[in-house]
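Input: a single structure, listed below in structure tokens.
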Amino acid sequence: MDEPNIYQPCLNCQGGRKHLQSATLMTWLGDTLISVPNFPAWICDICGHRSYDSQALAQLSMMLNPEAGTPVQPALTPPDKKPRANTPPPS
């Protein structure tokens, strides 16, 4: 069975339909130009306007984030500074 043809109306020309296709995404990461081939994009069948898939952009952003995957370390309280049970907070 064929998948249903999913499309979005084109807000650029207001007459076309944007279909999910693959395109090359080019973006800057600091001073470096990044080229990502076969990136999911919504492309209008009339005017050619494209917008890149938001979920794919979020995944790419997470992969390019230098802090992605870095475990968060909780601040350790020195042993002599630990609050004791049933003591009111300092005022």
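Lettering and numbering for the structure tokens are positional, with chains as A, B, ... in the shown order, residues counted from 1 in each chain, and ligands counted from 1 in the shown order.
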
List the neighbours of Thr24 (chain A) out to 6 Å using only C-alpha atoms; skip same-chain residues closer than 6 positions along the sequence, and give me the result as a ChimeraX atom specification.
-> /A:36-39

Generate a file of the selected residues that holds N, CA and C atoms, formatted as a short mmCIF file (atom, residue, chain, number, x, y, z; two decimals), in the first residue's frame.
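Dumped to part03.cif:
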data_model
loop_
_atom_site.label_atom_id
_atom_site.label_comp_id
_atom_site.auth_asym_id
_atom_site.auth_seq_id
_atom_site.Cartn_x
_atom_site.Cartn_y
_atom_site.Cartn_z
N VAL A 36 25.20 19.73 4.81
CA VAL A 36 24.59 18.45 5.16
C VAL A 36 23.76 17.98 3.97
N PRO A 37 24.23 16.97 3.23
CA PRO A 37 23.46 16.47 2.08
C PRO A 37 22.28 15.62 2.55
N ASN A 38 21.29 15.49 1.68
CA ASN A 38 20.12 14.64 1.94
C ASN A 38 19.40 14.99 3.23
N PHE A 39 19.23 16.28 3.48
CA PHE A 39 18.57 16.75 4.69
C PHE A 39 17.08 16.92 4.39
#

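Omitting Cys44 (chain A) and its sequence neighbours fewer than 5 positions away, and counting only C-alpha atoms, the residues within 8 Å are Cys10, Gly16, Arg17, Lys18, His19, His49 and Arg50 of chain A.
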
Could the residues in this selection be saved with C-alpha atoms as a PDB file, in the first residue's frame?
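Final file, result_1.pdb:
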ATOM      1  CA  CYS A  10       3.183  27.076   0.676  1.00  0.00           C
ATOM      2  CA  GLY A  16       1.792  25.603  -4.198  1.00  0.00           C
ATOM      3  CA  ARG A  17       2.155  22.634  -1.939  1.00  0.00           C
ATOM      4  CA  LYS A  18       5.314  21.828  -0.031  1.00  0.00           C
ATOM      5  CA  HIS A  19       6.293  18.161  -0.148  1.00  0.00           C
ATOM      6  CA  HIS A  49      10.618  27.760  -1.642  1.00  0.00           C
ATOM      7  CA  ARG A  50      12.045  25.423   0.963  1.00  0.00           C
TER       8      ARG A  50
END

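One distance worth recording is that between CA of Gly30 (chain A) and CA of Tyr52 (chain A), which is 19.9 Å.
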
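Residues in contact range of Asp53 (chain A), defined as at most 9 Å between only C-alpha atoms, with sequence neighbours fewer than 4 positions away removed, read Leu20, Phe39, Pro40, Ala41, Trp42, Leu57 and Ala58 of chain A.
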
Every residue of region 1-73 of chain A that DSSP places in strand (DSSP E or B), as a PyMOL selection string | chain A and resi 7-9+17-29+32-44+50-52

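Checking A:Ile34, A:Ala23, A:Ile6, A:Cys13 one by one against Ser61 (chain A), counting only C-alpha atoms, you find the shortest gap at A:Ile34.
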